Structure formats: structure tokens, C-alpha cells
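To be precise, the following lines are input_1.pdb, and they hold PDB, C-alpha atoms and all ligand atoms.
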```pdb
ATOM      1  CA  MET A 250      16.249   5.538   8.280  1.00  0.00           C
ATOM      2  CA  ALA A 251      15.069   1.982   7.758  1.00  0.00           C
ATOM      3  CA  ASN A 252      17.633  -0.703   7.459  1.00  0.00           C
ATOM      4  CA  GLU A 253      17.516  -2.271   3.986  1.00  0.00           C
ATOM      5  CA  HIS A 254      18.397  -5.632   5.485  1.00  0.00           C
ATOM      6  CA  GLU A 255      15.202  -5.569   7.577  1.00  0.00           C
ATOM      7  CA  LYS A 256      13.107  -4.954   4.478  1.00  0.00           C
ATOM      8  CA  GLU A 257      14.938  -7.671   2.601  1.00  0.00           C
ATOM      9  CA  ASN A 258      14.391 -10.190   5.403  1.00  0.00           C
ATOM     10  CA  ALA A 259      10.667  -9.367   5.500  1.00  0.00           C
ATOM     11  CA  ALA A 260      10.454 -10.019   1.753  1.00  0.00           C
ATOM     12  CA  LEU A 261      12.400 -13.257   2.106  1.00  0.00           C
ATOM     13  CA  ALA A 262       9.964 -14.512   4.747  1.00  0.00           C
ATOM     14  CA  ALA A 263       7.052 -13.692   2.422  1.00  0.00           C
ATOM     15  CA  MET A 264       8.555 -15.970  -0.237  1.00  0.00           C
ATOM     16  CA  GLU A 265       7.466 -18.887   2.007  1.00  0.00           C
ATOM     17  CA  TYR A 266       3.876 -18.191   0.947  1.00  0.00           C
ATOM     18  CA  VAL A 267       4.584 -18.477  -2.769  1.00  0.00           C
ATOM     19  CA  GLU A 268       3.518 -21.662  -4.532  1.00  0.00           C
ATOM     20  CA  ASP A 269       3.688 -22.907  -8.080  1.00  0.00           C
ATOM     21  CA  GLY A 270       0.609 -22.006 -10.107  1.00  0.00           C
ATOM     22  CA  MET A 271      -0.356 -18.955  -8.046  1.00  0.00           C
ATOM     23  CA  THR A 272      -1.548 -15.609  -9.338  1.00  0.00           C
ATOM     24  CA  ILE A 273       0.280 -13.036  -7.212  1.00  0.00           C
ATOM     25  CA  GLY A 274      -0.362  -9.348  -6.578  1.00  0.00           C
ATOM     26  CA  LEU A 275       2.871  -7.373  -6.543  1.00  0.00           C
ATOM     27  CA  GLY A 276       3.028  -4.400  -4.204  1.00  0.00           C
ATOM     28  CA  THR A 277       4.720  -1.045  -4.655  1.00  0.00           C
ATOM     29  CA  GLY A 278       7.602   0.563  -2.791  1.00  0.00           C
ATOM     30  CA  SER A 279      11.106  -0.157  -1.589  1.00  0.00           C
ATOM     31  CA  THR A 280      10.133  -3.197   0.521  1.00  0.00           C
ATOM     32  CA  ALA A 281       7.891  -4.754  -2.130  1.00  0.00           C
ATOM     33  CA  LYS A 282      10.765  -4.268  -4.588  1.00  0.00           C
ATOM     34  CA  TYR A 283      12.806  -6.877  -2.713  1.00  0.00           C
ATOM     35  CA  PHE A 284       9.922  -9.337  -3.025  1.00  0.00           C
ATOM     36  CA  VAL A 285       9.629  -8.734  -6.778  1.00  0.00           C
ATOM     37  CA  GLU A 286      13.363  -9.283  -7.190  1.00  0.00           C
ATOM     38  CA  MET A 287      13.276 -12.516  -5.184  1.00  0.00           C
ATOM     39  CA  LEU A 288      10.262 -13.731  -7.131  1.00  0.00           C
ATOM     40  CA  ALA A 289      12.101 -12.964 -10.369  1.00  0.00           C
ATOM     41  CA  ASP A 290      14.984 -15.178  -9.246  1.00  0.00           C
ATOM     42  CA  GLU A 291      12.564 -18.050  -8.579  1.00  0.00           C
ATOM     43  CA  VAL A 292      10.843 -17.508 -11.938  1.00  0.00           C
ATOM     44  CA  ALA A 293      14.249 -17.734 -13.605  1.00  0.00           C
ATOM     45  CA  ASP A 294      14.685 -21.070 -11.808  1.00  0.00           C
ATOM     46  CA  GLY A 295      11.381 -22.425 -13.129  1.00  0.00           C
ATOM     47  CA  LEU A 296       8.672 -21.179 -10.728  1.00  0.00           C
ATOM     48  CA  LEU A 297       5.372 -20.894 -12.607  1.00  0.00           C
ATOM     49  CA  VAL A 298       3.342 -17.901 -11.467  1.00  0.00           C
ATOM     50  CA  LYS A 299       1.289 -15.143 -13.024  1.00  0.00           C
ATOM     51  CA  CYS A 300       1.426 -11.690 -11.498  1.00  0.00           C
ATOM     52  CA  ILE A 301      -0.574  -8.507 -11.397  1.00  0.00           C
ATOM     53  CA  GLU A 302       1.139  -5.231 -10.549  1.00  0.00           C
ATOM     54  CA  THR A 303      -0.165  -2.499  -8.243  1.00  0.00           C
ATOM     55  CA  SER A 304       1.534   0.385 -10.080  1.00  0.00           C
ATOM     56  CA  GLU A 305       3.275   1.398 -13.261  1.00  0.00           C
ATOM     57  CA  GLN A 306       6.491   1.523 -11.235  1.00  0.00           C
ATOM     58  CA  THR A 307       6.109  -2.132 -10.252  1.00  0.00           C
ATOM     59  CA  ARG A 308       5.041  -3.072 -13.772  1.00  0.00           C
ATOM     60  CA  ALA A 309       8.321  -1.611 -15.111  1.00  0.00           C
ATOM     61  CA  LEU A 310      10.374  -3.411 -12.472  1.00  0.00           C
ATOM     62  CA  ALA A 311       8.635  -6.777 -12.865  1.00  0.00           C
ATOM     63  CA  SER A 312       8.746  -6.774 -16.638  1.00  0.00           C
ATOM     64  CA  SER A 313      12.418  -5.742 -16.669  1.00  0.00           C
ATOM     65  CA  LEU A 314      13.154  -8.776 -14.483  1.00  0.00           C
ATOM     66  CA  GLY A 315      11.116 -11.238 -16.539  1.00  0.00           C
ATOM     67  CA  VAL A 316       8.277 -11.717 -14.044  1.00  0.00           C
ATOM     68  CA  PRO A 317       5.175 -12.737 -16.049  1.00  0.00           C
ATOM     69  CA  LEU A 318       2.394 -10.148 -15.793  1.00  0.00           C
ATOM     70  CA  ILE A 319      -1.196 -10.537 -16.902  1.00  0.00           C
ATOM     71  CA  PRO A 320      -3.795  -7.802 -17.475  1.00  0.00           C
ATOM     72  CA  PHE A 321      -6.234  -7.372 -14.608  1.00  0.00           C
ATOM     73  CA  GLU A 322      -9.159  -8.257 -16.912  1.00  0.00           C
ATOM     74  CA  GLN A 323      -7.697 -11.734 -17.306  1.00  0.00           C
ATOM     75  CA  VAL A 324      -7.317 -12.348 -13.585  1.00  0.00           C
ATOM     76  CA  GLU A 325      -9.817 -14.859 -12.256  1.00  0.00           C
ATOM     77  CA  ARG A 326      -8.407 -15.209  -8.793  1.00  0.00           C
ATOM     78  CA  ILE A 327      -5.520 -13.640  -6.876  1.00  0.00           C
ATOM     79  CA  HIS A 328      -4.121 -16.195  -4.465  1.00  0.00           C
ATOM     80  CA  LEU A 329      -1.582 -13.987  -2.736  1.00  0.00           C
ATOM     81  CA  THR A 330      -0.622 -10.314  -2.596  1.00  0.00           C
ATOM     82  CA  VAL A 331       2.580  -9.102  -0.963  1.00  0.00           C
ATOM     83  CA  ASP A 332       2.910  -5.379  -0.335  1.00  0.00           C
ATOM     84  CA  GLY A 333       4.537  -2.881   1.995  1.00  0.00           C
ATOM     85  CA  ALA A 334       2.938  -0.391   4.396  1.00  0.00           C
ATOM     86  CA  ASP A 335       3.564   3.087   5.723  1.00  0.00           C
ATOM     87  CA  GLU A 336       2.149   2.156   9.119  1.00  0.00           C
ATOM     88  CA  VAL A 337       0.756  -1.060  10.549  1.00  0.00           C
ATOM     89  CA  ASP A 338      -0.903  -1.565  13.929  1.00  0.00           C
ATOM     90  CA  ALA A 339      -1.200  -4.689  16.082  1.00  0.00           C
ATOM     91  CA  GLN A 340      -4.480  -5.646  14.370  1.00  0.00           C
ATOM     92  CA  GLY A 341      -2.855  -5.503  10.919  1.00  0.00           C
ATOM     93  CA  ASN A 342      -4.684  -2.309   9.996  1.00  0.00           C
ATOM     94  CA  MET A 343      -2.547  -0.038   7.877  1.00  0.00           C
ATOM     95  CA  ILE A 344      -1.913   3.309   6.303  1.00  0.00           C
ATOM     96  CA  LYS A 345      -0.752   2.882   2.720  1.00  0.00           C
ATOM     97  CA  GLY A 346      -0.267   5.164  -0.256  1.00  0.00           C
ATOM     98  CA  GLY A 347       3.050   6.811   0.538  1.00  0.00           C
ATOM     99  CA  GLY A 348       4.027   5.800  -2.981  1.00  0.00           C
ATOM    100  CA  ALA A 349       0.704   7.081  -4.395  1.00  0.00           C
ATOM    101  CA  ALA A 350      -0.361   3.571  -5.472  1.00  0.00           C
ATOM    102  CA  LEU A 351      -3.128   3.110  -2.900  1.00  0.00           C
ATOM    103  CA  LEU A 352      -6.039   2.719  -5.334  1.00  0.00           C
ATOM    104  CA  ARG A 353      -4.628  -0.226  -7.266  1.00  0.00           C
ATOM    105  CA  GLU A 354      -3.053  -1.581  -4.087  1.00  0.00           C
ATOM    106  CA  LYS A 355      -6.407  -1.670  -2.349  1.00  0.00           C
ATOM    107  CA  ILE A 356      -8.304  -3.149  -5.308  1.00  0.00           C
ATOM    108  CA  ILE A 357      -5.751  -5.938  -5.600  1.00  0.00           C
ATOM    109  CA  ALA A 358      -5.271  -6.585  -1.872  1.00  0.00           C
ATOM    110  CA  ASN A 359      -9.009  -6.655  -1.325  1.00  0.00           C
ATOM    111  CA  ALA A 360      -9.494  -9.120  -4.191  1.00  0.00           C
ATOM    112  CA  SER A 361      -6.798 -11.473  -2.881  1.00  0.00           C
ATOM    113  CA  ASP A 362      -7.307 -14.686  -0.952  1.00  0.00           C
ATOM    114  CA  HIS A 363      -4.339 -13.771   1.232  1.00  0.00           C
ATOM    115  CA  MET A 364      -2.639 -10.432   1.730  1.00  0.00           C
ATOM    116  CA  VAL A 365       0.795 -10.434   3.310  1.00  0.00           C
ATOM    117  CA  VAL A 366       2.274  -7.155   4.527  1.00  0.00           C
ATOM    118  CA  ILE A 367       6.033  -6.823   4.632  1.00  0.00           C
ATOM    119  CA  ALA A 368       7.687  -4.031   6.571  1.00  0.00           C
ATOM    120  CA  ASP A 369      10.629  -2.991   8.680  1.00  0.00           C
ATOM    121  CA  PRO A 370      10.097  -2.290  12.406  1.00  0.00           C
ATOM    122  CA  SER A 371       9.816   1.498  11.877  1.00  0.00           C
ATOM    123  CA  LYS A 372       6.349   0.898  10.360  1.00  0.00           C
ATOM    124  CA  GLN A 373       4.885  -0.690  13.499  1.00  0.00           C
ATOM    125  CA  VAL A 374       2.662   1.684  15.460  1.00  0.00           C
ATOM    126  CA  GLU A 375       0.342   1.467  18.420  1.00  0.00           C
ATOM    127  CA  ARG A 376      -2.155   3.810  16.771  1.00  0.00           C
ATOM    128  CA  LEU A 377      -2.374   4.871  13.133  1.00  0.00           C
ATOM    129  CA  GLY A 378      -1.969   8.509  12.140  1.00  0.00           C
ATOM    130  CA  ALA A 379       1.578   9.803  12.561  1.00  0.00           C
ATOM    131  CA  PHE A 380       2.168   9.110   8.853  1.00  0.00           C
ATOM    132  CA  PRO A 381       0.040  11.515   6.774  1.00  0.00           C
ATOM    133  CA  LEU A 382      -2.991   9.619   5.498  1.00  0.00           C
ATOM    134  CA  PRO A 383      -3.139   9.682   1.671  1.00  0.00           C
ATOM    135  CA  VAL A 384      -6.572  10.230   0.140  1.00  0.00           C
ATOM    136  CA  GLU A 385      -6.919   9.899  -3.646  1.00  0.00           C
ATOM    137  CA  VAL A 386      -9.350  12.404  -5.169  1.00  0.00           C
ATOM    138  CA  THR A 387     -10.635  13.210  -8.644  1.00  0.00           C
ATOM    139  CA  PRO A 388      -9.073  16.271 -10.290  1.00  0.00           C
ATOM    140  CA  PHE A 389     -12.571  17.666 -10.804  1.00  0.00           C
ATOM    141  CA  GLY A 390     -13.534  19.627  -7.719  1.00  0.00           C
ATOM    142  CA  TYR A 391     -10.484  18.655  -5.696  1.00  0.00           C
ATOM    143  CA  THR A 392     -10.392  21.941  -3.739  1.00  0.00           C
ATOM    144  CA  ILE A 393     -13.974  21.413  -2.560  1.00  0.00           C
ATOM    145  CA  THR A 394     -13.246  17.748  -1.862  1.00  0.00           C
ATOM    146  CA  ALA A 395     -10.237  18.802   0.233  1.00  0.00           C
ATOM    147  CA  LYS A 396     -12.520  21.000   2.379  1.00  0.00           C
ATOM    148  CA  LYS A 397     -14.983  18.136   2.807  1.00  0.00           C
ATOM    149  CA  VAL A 398     -12.152  15.793   3.761  1.00  0.00           C
ATOM    150  CA  PHE A 399     -10.979  18.333   6.354  1.00  0.00           C
ATOM    151  CA  ASP A 400     -14.516  18.467   7.811  1.00  0.00           C
ATOM    152  CA  VAL A 401     -14.695  14.681   7.935  1.00  0.00           C
ATOM    153  CA  LEU A 402     -11.359  14.481   9.754  1.00  0.00           C
ATOM    154  CA  CYS A 403     -12.592  16.987  12.347  1.00  0.00           C
ATOM    155  CA  ALA A 404     -15.908  15.143  12.715  1.00  0.00           C
ATOM    156  CA  ALA A 405     -13.996  11.882  13.238  1.00  0.00           C
ATOM    157  CA  GLY A 406     -12.176  13.425  16.201  1.00  0.00           C
ATOM    158  CA  VAL A 407      -8.841  14.216  14.589  1.00  0.00           C
ATOM    159  CA  ASN A 408      -7.304  17.132  16.441  1.00  0.00           C
ATOM    160  CA  ARG A 409      -6.353  20.080  14.206  1.00  0.00           C
ATOM    161  CA  PRO A 410      -5.845  18.124  10.960  1.00  0.00           C
ATOM    162  CA  ARG A 411      -3.978  19.563   7.994  1.00  0.00           C
ATOM    163  CA  VAL A 412      -4.841  18.584   4.427  1.00  0.00           C
ATOM    164  CA  GLU A 413      -2.111  19.074   1.850  1.00  0.00           C
ATOM    165  CA  LEU A 414      -2.200  18.479  -1.883  1.00  0.00           C
ATOM    166  CA  ARG A 415       0.705  16.215  -2.835  1.00  0.00           C
ATOM    167  CA  LYS A 416       3.185  17.620  -5.350  1.00  0.00           C
ATOM    168  CA  LYS A 417       5.371  15.670  -7.738  1.00  0.00           C
ATOM    169  CA  PRO A 418       8.700  15.014  -5.999  1.00  0.00           C
ATOM    170  CA  GLY A 419      11.046  17.937  -6.623  1.00  0.00           C
ATOM    171  CA  SER A 420       8.396  19.993  -8.410  1.00  0.00           C
ATOM    172  CA  MET A 421       5.600  22.474  -7.754  1.00  0.00           C
ATOM    173  CA  ASP A 422       3.247  20.508 -10.035  1.00  0.00           C
ATOM    174  CA  MET A 423       0.447  18.449  -8.549  1.00  0.00           C
ATOM    175  CA  LEU A 424       1.152  14.745  -8.433  1.00  0.00           C
ATOM    176  CA  VAL A 425      -0.983  12.671 -10.801  1.00  0.00           C
ATOM    177  CA  THR A 426      -1.529   9.027  -9.834  1.00  0.00           C
ATOM    178  CA  ASP A 427      -1.553   6.030 -12.182  1.00  0.00           C
ATOM    179  CA  GLY A 428      -5.333   6.449 -12.200  1.00  0.00           C
ATOM    180  CA  GLY A 429      -5.103  10.126 -13.255  1.00  0.00           C
ATOM    181  CA  ASN A 430      -6.117  11.492  -9.849  1.00  0.00           C
ATOM    182  CA  HIS A 431      -4.539  13.664  -7.143  1.00  0.00           C
ATOM    183  CA  ILE A 432      -3.503  12.845  -3.590  1.00  0.00           C
ATOM    184  CA  LEU A 433      -4.432  14.753  -0.456  1.00  0.00           C
ATOM    185  CA  ASP A 434      -2.033  14.015   2.394  1.00  0.00           C
ATOM    186  CA  CYS A 435      -3.985  14.319   5.626  1.00  0.00           C
ATOM    187  CA  HIS A 436      -1.813  15.150   8.614  1.00  0.00           C
ATOM    188  CA  CYS A 437      -3.693  13.709  11.540  1.00  0.00           C
ATOM    189  CA  GLY A 438      -1.082  13.077  14.211  1.00  0.00           C
ATOM    190  CA  ARG A 439      -3.314  10.434  15.695  1.00  0.00           C
ATOM    191  CA  ILE A 440      -6.481   8.820  14.331  1.00  0.00           C
ATOM    192  CA  PRO A 441      -8.842   8.050  17.220  1.00  0.00           C
ATOM    193  CA  ASP A 442     -10.952   5.453  15.338  1.00  0.00           C
ATOM    194  CA  ALA A 443      -9.489   4.376  11.987  1.00  0.00           C
ATOM    195  CA  GLU A 444     -12.446   2.187  11.033  1.00  0.00           C
ATOM    196  CA  ALA A 445     -14.932   5.002  11.594  1.00  0.00           C
ATOM    197  CA  LEU A 446     -12.775   7.476   9.686  1.00  0.00           C
ATOM    198  CA  ALA A 447     -12.426   5.012   6.788  1.00  0.00           C
ATOM    199  CA  ALA A 448     -16.209   4.745   6.491  1.00  0.00           C
ATOM    200  CA  ARG A 449     -16.659   8.531   6.624  1.00  0.00           C
ATOM    201  CA  LEU A 450     -13.994   9.183   3.979  1.00  0.00           C
ATOM    202  CA  SER A 451     -15.528   6.637   1.608  1.00  0.00           C
ATOM    203  CA  ASN A 452     -18.735   8.663   1.709  1.00  0.00           C
ATOM    204  CA  VAL A 453     -17.206  11.903   0.438  1.00  0.00           C
ATOM    205  CA  PRO A 454     -18.009  12.550  -3.252  1.00  0.00           C
ATOM    206  CA  GLY A 455     -14.745  13.067  -5.127  1.00  0.00           C
ATOM    207  CA  VAL A 456     -12.815  10.696  -2.881  1.00  0.00           C
ATOM    208  CA  VAL A 457     -11.743   7.815  -5.093  1.00  0.00           C
ATOM    209  CA  GLU A 458     -10.059   5.845  -2.304  1.00  0.00           C
ATOM    210  CA  HIS A 459      -8.215   6.384   0.948  1.00  0.00           C
ATOM    211  CA  GLY A 460      -5.110   4.829   2.406  1.00  0.00           C
ATOM    212  CA  LEU A 461      -6.710   3.190   5.447  1.00  0.00           C
ATOM    213  CA  PHE A 462      -6.550  -0.572   4.881  1.00  0.00           C
ATOM    214  CA  ILE A 463      -8.790  -2.005   7.575  1.00  0.00           C
ATOM    215  CA  GLY A 464      -9.158  -5.770   8.012  1.00  0.00           C
ATOM    216  CA  ILE A 465      -7.473  -6.541   4.687  1.00  0.00           C
ATOM    217  CA  ALA A 466      -4.099  -7.977   5.745  1.00  0.00           C
ATOM    218  CA  ARG A 467      -4.055 -11.536   7.046  1.00  0.00           C
ATOM    219  CA  THR A 468      -0.333 -11.812   7.697  1.00  0.00           C
ATOM    220  CA  VAL A 469       2.104  -9.130   8.833  1.00  0.00           C
ATOM    221  CA  ILE A 470       5.822  -9.814   8.507  1.00  0.00           C
ATOM    222  CA  ILE A 471       8.264  -7.511  10.266  1.00  0.00           C
ATOM    223  CA  GLY A 472      11.830  -7.988   9.150  1.00  0.00           C
ATOM    224  CA  ASN A 473      14.789  -7.609  11.474  1.00  0.00           C
ATOM    225  CA  GLU A 474      18.582  -7.853  11.216  1.00  0.00           C
ATOM    226  CA  ASN A 475      18.588 -11.635  11.496  1.00  0.00           C
ATOM    227  CA  GLY A 476      15.253 -12.736  10.082  1.00  0.00           C
ATOM    228  CA  ALA A 477      11.627 -11.798  10.489  1.00  0.00           C
ATOM    229  CA  THR A 478       8.688 -12.084  12.886  1.00  0.00           C
ATOM    230  CA  VAL A 479       5.446 -13.306  11.387  1.00  0.00           C
ATOM    231  CA  PHE A 480       2.076 -12.281  12.844  1.00  0.00           C
ATOM    232  CA  GLU A 481      -0.897 -14.312  11.549  1.00  0.00           C
TER     233      GLU A 481
HETATM  234  C1  LIG B   1       2.827   2.704  -1.943  1.00  0.00           C
HETATM  235  C2  LIG B   1       2.729   2.072  -0.601  1.00  0.00           C
HETATM  236  C3  LIG B   1       3.942   1.416  -0.084  1.00  0.00           C
HETATM  237  O1  LIG B   1       3.652   0.084   0.188  1.00  0.00           O
HETATM  238  C4  LIG B   1       4.355   2.112   1.179  1.00  0.00           C
HETATM  239  O2  LIG B   1       4.562   3.484   0.877  1.00  0.00           O
HETATM  240  C5  LIG B   1       5.612   1.508   1.782  1.00  0.00           C
HETATM  241  O3  LIG B   1       6.709   1.755   0.965  1.00  0.00           O
HETATM  242  P1  LIG B   1       8.180   1.392   1.417  1.00  0.00           P
HETATM  243  O4  LIG B   1       8.280  -0.103   1.460  1.00  0.00           O
HETATM  244  O5  LIG B   1       9.057   2.007   0.357  1.00  0.00           O
HETATM  245  O6  LIG B   1       8.421   2.025   2.772  1.00  0.00           O
HETATM  246  O7  LIG B   1       1.704   2.073   0.035  1.00  0.00           O
HETATM  247  O8  LIG B   1       1.643   3.381  -2.292  1.00  0.00           O
END
```

Please render this file's structure as C-alpha cells.
Amino acid sequence: MANEHEKENAALAAMEYVEDGMTIGLGTGSTAKYFVEMLADEVADGLLVKCIETSEQTRALASSLGVPLIPFEQVERIHLTVDGADEVDAQGNMIKGGGAALLREKIIANASDHMVVIADPSKQVERLGAFPLPVEVTPFGYTITAKKVFDVLCAAGVNRPRVELRKKPGSMDMLVTDGGNHILDCHCGRIPDAEALAARLSNVPGVVEHGLFIGIARTVIIGNENGATVFE
């Protein structure tokens, strides 16, 4: 179980990148939550920023804390996005989507001048794939899409993959994302070539987005008990 202090220290280190006047993408999850809370404290002290949330969950948190949010349509530029990860490798490539927010997270991270990942040490991996890879799919035809995704995983060299439809926590109902889609959790064990798999998955009709974030993060911050290590 991750130490909350490690997550908190990663978020604190990310605050160093915040400047007055920025438009900031707010990530989703328990690590990103610390960043939103710290940002809220600075806003209360006079920091002038505009923010864009990556999920309804983060929207609720940010607005309850008085962090100013603007609709995506009004965003001209996103200077900085700070978000968590389910796995991150030494190149800063990630698996994201454990919180089912991967679509908005990727749109916002990809549109940002600078994406900073904040995580505790349990998220660092040599090779991506132990965490089940989330793939967001349209409700229409999702059973066929799941078969195609399975084929793509096999073709990309994943050994005996398992594709599982994500359920709502504590329920037998299918999870529905903020975008109205479903999530396939792809148990890979080990992904031989994440970049190649990412390209293959993007080509499957019915796949809205996948949780492989390749070449998007510029800074990775790993929190520890006493502070954080920053990888640029
Ligand atoms: C949500 C995400 C989160 O960033 C990821 O799941 C990490 O969450 P946490 O900080 O709670 O471990 O991708 O879709």
C-alpha cells in the first residue's frame, strides 16, 4: 500500500512548476488530489490561475475548494498539467486510466506545454504491463471491439492476454466513463513494445483511447518519505 506521505511530497514538488497566470490541467486520482488541494491553498492566498479538470471527480473536488475552472472550449493554451500514473517507466512512458479518466487525461496532457507526472515509488517499473492496461471503448459493439483488442494484444507479442470489461466498483453493472464509454482492462503481464502496441490499439474501430501515454510526460516526480526525486 502506497504511503500517503510519498504522494503528498510528489505533489508538493510539482507546486514548484506553478506560476501566476498559468492555465493548469488538473489530474485525477489520489496523488493528483494532493496537488489540487495544495493549489487551492495557493489560490486562497492570491495565486491567479485558471484550471481545466480531467474528470468529473476532479471538477467536484476543485470547485468545492474554490479552484477556478474554465470550460475546455475557452482554453487557448494549457501551460502545465499535473497528473498521477498507474505505472511509469524510466523513459516517462506510462499506463494511466486506473481511475477511468484516461480519455480526458490524455487530451489535456497532450495539449499541454508541460506535463508533470507525480507518483509514489510503487508506480515505477522497468517495463510497462503489470498494471492492467485500460482501453476505453464505445458501448456500441464493445464485445466485438474486445475481441479485436485481444487479437491486437496477441499480435503485439503479449503472452496470453486477458481482456476484462470493467464493472462499477462494488456492482455487477458495467462502468460508464465521463465520456459515456466502457473500459476494457487488458491484463498483459508484460508489454514487449509499448509504442508499437499503442499504435495498433489506436487503429481498432471502437477504441476511443487507450491508457498508454507514450512520450507525453516531460517531468516525472517520485515522492519519498523526506521529499521527492525529479526526473526531467
Ligand atoms: C486516473 C489515473 C490516475 O492518475 C492513476 O490511476 C493514478 O491514481 P492514484 O494517484 O490514485 O494512484 O490515471 O484515470

Next item on the list: Just give me the gap between atom CA of Phe480 of chain A and atom CA of Arg467 of chain A in Å, one decimal is fine.
Entry: 8.5 Å

Next item on the list: Extract, using all atoms listed in the file, all DNA, RNA and protein residues at most 8 Å from Val412 of chain A, discarding same-chain residues fewer than 2 positions from it, and format them as a list in words.
Entry: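 These residues fall inside the cut-off: Ala395, Val398, Phe399, Pro410, Leu414, Leu433, Asp434, Cys435 and His436 of chain A.
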
Would you write out those residues with C-alpha atoms, as a short mmCIF file (atom, residue, chain, number, x, y, z; two decimals), in the coordinates of the input?
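Once written, result_3.cif looks like this:
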```
data_model
loop_
_atom_site.label_atom_id
_atom_site.label_comp_id
_atom_site.auth_asym_id
_atom_site.auth_seq_id
_atom_site.Cartn_x
_atom_site.Cartn_y
_atom_site.Cartn_z
CA ALA A 395 -10.24 18.80 0.23
CA VAL A 398 -12.15 15.79 3.76
CA PHE A 399 -10.98 18.33 6.35
CA PRO A 410 -5.84 18.12 10.96
CA LEU A 414 -2.20 18.48 -1.88
CA LEU A 433 -4.43 14.75 -0.46
CA ASP A 434 -2.03 14.02 2.39
CA CYS A 435 -3.98 14.32 5.63
CA HIS A 436 -1.81 15.15 8.61
#
```

Item checked: Hits from the PyMOL selection byres (((chain A and resi 339) around 8) and not hetatm), listed as a PyMOL selection string -> chain A and resi 337-338+340-342+373-375

Check: Taking into account only C-alpha atoms, which residue in the set A:Val366, A:Met423, A:Ala311, A:Leu402 is nearest to Asp335 of chain A?
Finding: A:Val366

Next item on the list: Pick out the residues no farther than 6 Å from ligand LIG 1 (chain B), counting all atoms listed in the file, and list them as a ChimeraX atom specification.
Entry: /A:277-281,332-335,345-351

Atom completion result for segment 278-299 of chain A (N, CA and C atoms) as a short mmCIF file (atom, residue, chain, number, x, y, z; two decimals), in the coordinates of the input:
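Written file, out-v3.cif:
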```cif
data_model
loop_
_atom_site.label_atom_id
_atom_site.label_comp_id
_atom_site.auth_asym_id
_atom_site.auth_seq_id
_atom_site.Cartn_x
_atom_site.Cartn_y
_atom_site.Cartn_z
N GLY A 278 6.77 -0.06 -3.82
CA GLY A 278 7.60 0.56 -2.79
C GLY A 278 8.92 -0.17 -2.63
N SER A 279 9.74 0.36 -1.72
CA SER A 279 11.11 -0.16 -1.59
C SER A 279 11.15 -1.53 -0.93
N THR A 280 10.15 -1.87 -0.11
CA THR A 280 10.13 -3.20 0.52
C THR A 280 9.58 -4.23 -0.47
N ALA A 281 8.49 -3.86 -1.12
CA ALA A 281 7.89 -4.75 -2.13
C ALA A 281 8.89 -5.04 -3.26
N LYS A 282 9.77 -4.09 -3.52
CA LYS A 282 10.76 -4.27 -4.59
C LYS A 282 11.64 -5.51 -4.32
N TYR A 283 12.00 -5.69 -3.04
CA TYR A 283 12.81 -6.88 -2.71
C TYR A 283 12.03 -8.15 -3.04
N PHE A 284 10.73 -8.14 -2.75
CA PHE A 284 9.92 -9.34 -3.02
C PHE A 284 9.87 -9.61 -4.53
N VAL A 285 9.69 -8.56 -5.31
CA VAL A 285 9.63 -8.73 -6.78
C VAL A 285 10.96 -9.29 -7.29
N GLU A 286 12.04 -8.80 -6.75
CA GLU A 286 13.36 -9.28 -7.19
C GLU A 286 13.56 -10.75 -6.82
N MET A 287 13.12 -11.11 -5.61
CA MET A 287 13.28 -12.52 -5.18
C MET A 287 12.38 -13.44 -6.01
N LEU A 288 11.19 -12.95 -6.30
CA LEU A 288 10.26 -13.73 -7.13
C LEU A 288 10.87 -13.93 -8.53
N ALA A 289 11.48 -12.88 -9.04
CA ALA A 289 12.10 -12.96 -10.37
C ALA A 289 13.18 -14.05 -10.39
N ASP A 290 13.95 -14.13 -9.31
CA ASP A 290 14.98 -15.18 -9.25
C ASP A 290 14.36 -16.56 -9.31
N GLU A 291 13.24 -16.74 -8.59
CA GLU A 291 12.56 -18.05 -8.58
C GLU A 291 11.97 -18.35 -9.94
N VAL A 292 11.42 -17.33 -10.59
CA VAL A 292 10.84 -17.51 -11.94
C VAL A 292 11.95 -17.96 -12.90
N ALA A 293 13.11 -17.35 -12.75
CA ALA A 293 14.25 -17.73 -13.60
C ALA A 293 14.64 -19.19 -13.37
N ASP A 294 14.37 -19.67 -12.14
CA ASP A 294 14.68 -21.07 -11.81
C ASP A 294 13.53 -22.02 -12.10
N GLY A 295 12.45 -21.52 -12.70
CA GLY A 295 11.38 -22.42 -13.13
C GLY A 295 10.05 -22.28 -12.40
N LEU A 296 9.96 -21.37 -11.41
CA LEU A 296 8.67 -21.18 -10.73
C LEU A 296 7.62 -20.68 -11.73
N LEU A 297 6.43 -21.29 -11.68
CA LEU A 297 5.37 -20.89 -12.61
C LEU A 297 4.32 -20.08 -11.86
N VAL A 298 4.36 -18.78 -12.07
CA VAL A 298 3.34 -17.90 -11.47
C VAL A 298 2.91 -16.87 -12.50
N LYS A 299 1.72 -16.30 -12.24
CA LYS A 299 1.29 -15.14 -13.02
C LYS A 299 1.16 -14.01 -12.02
#
```
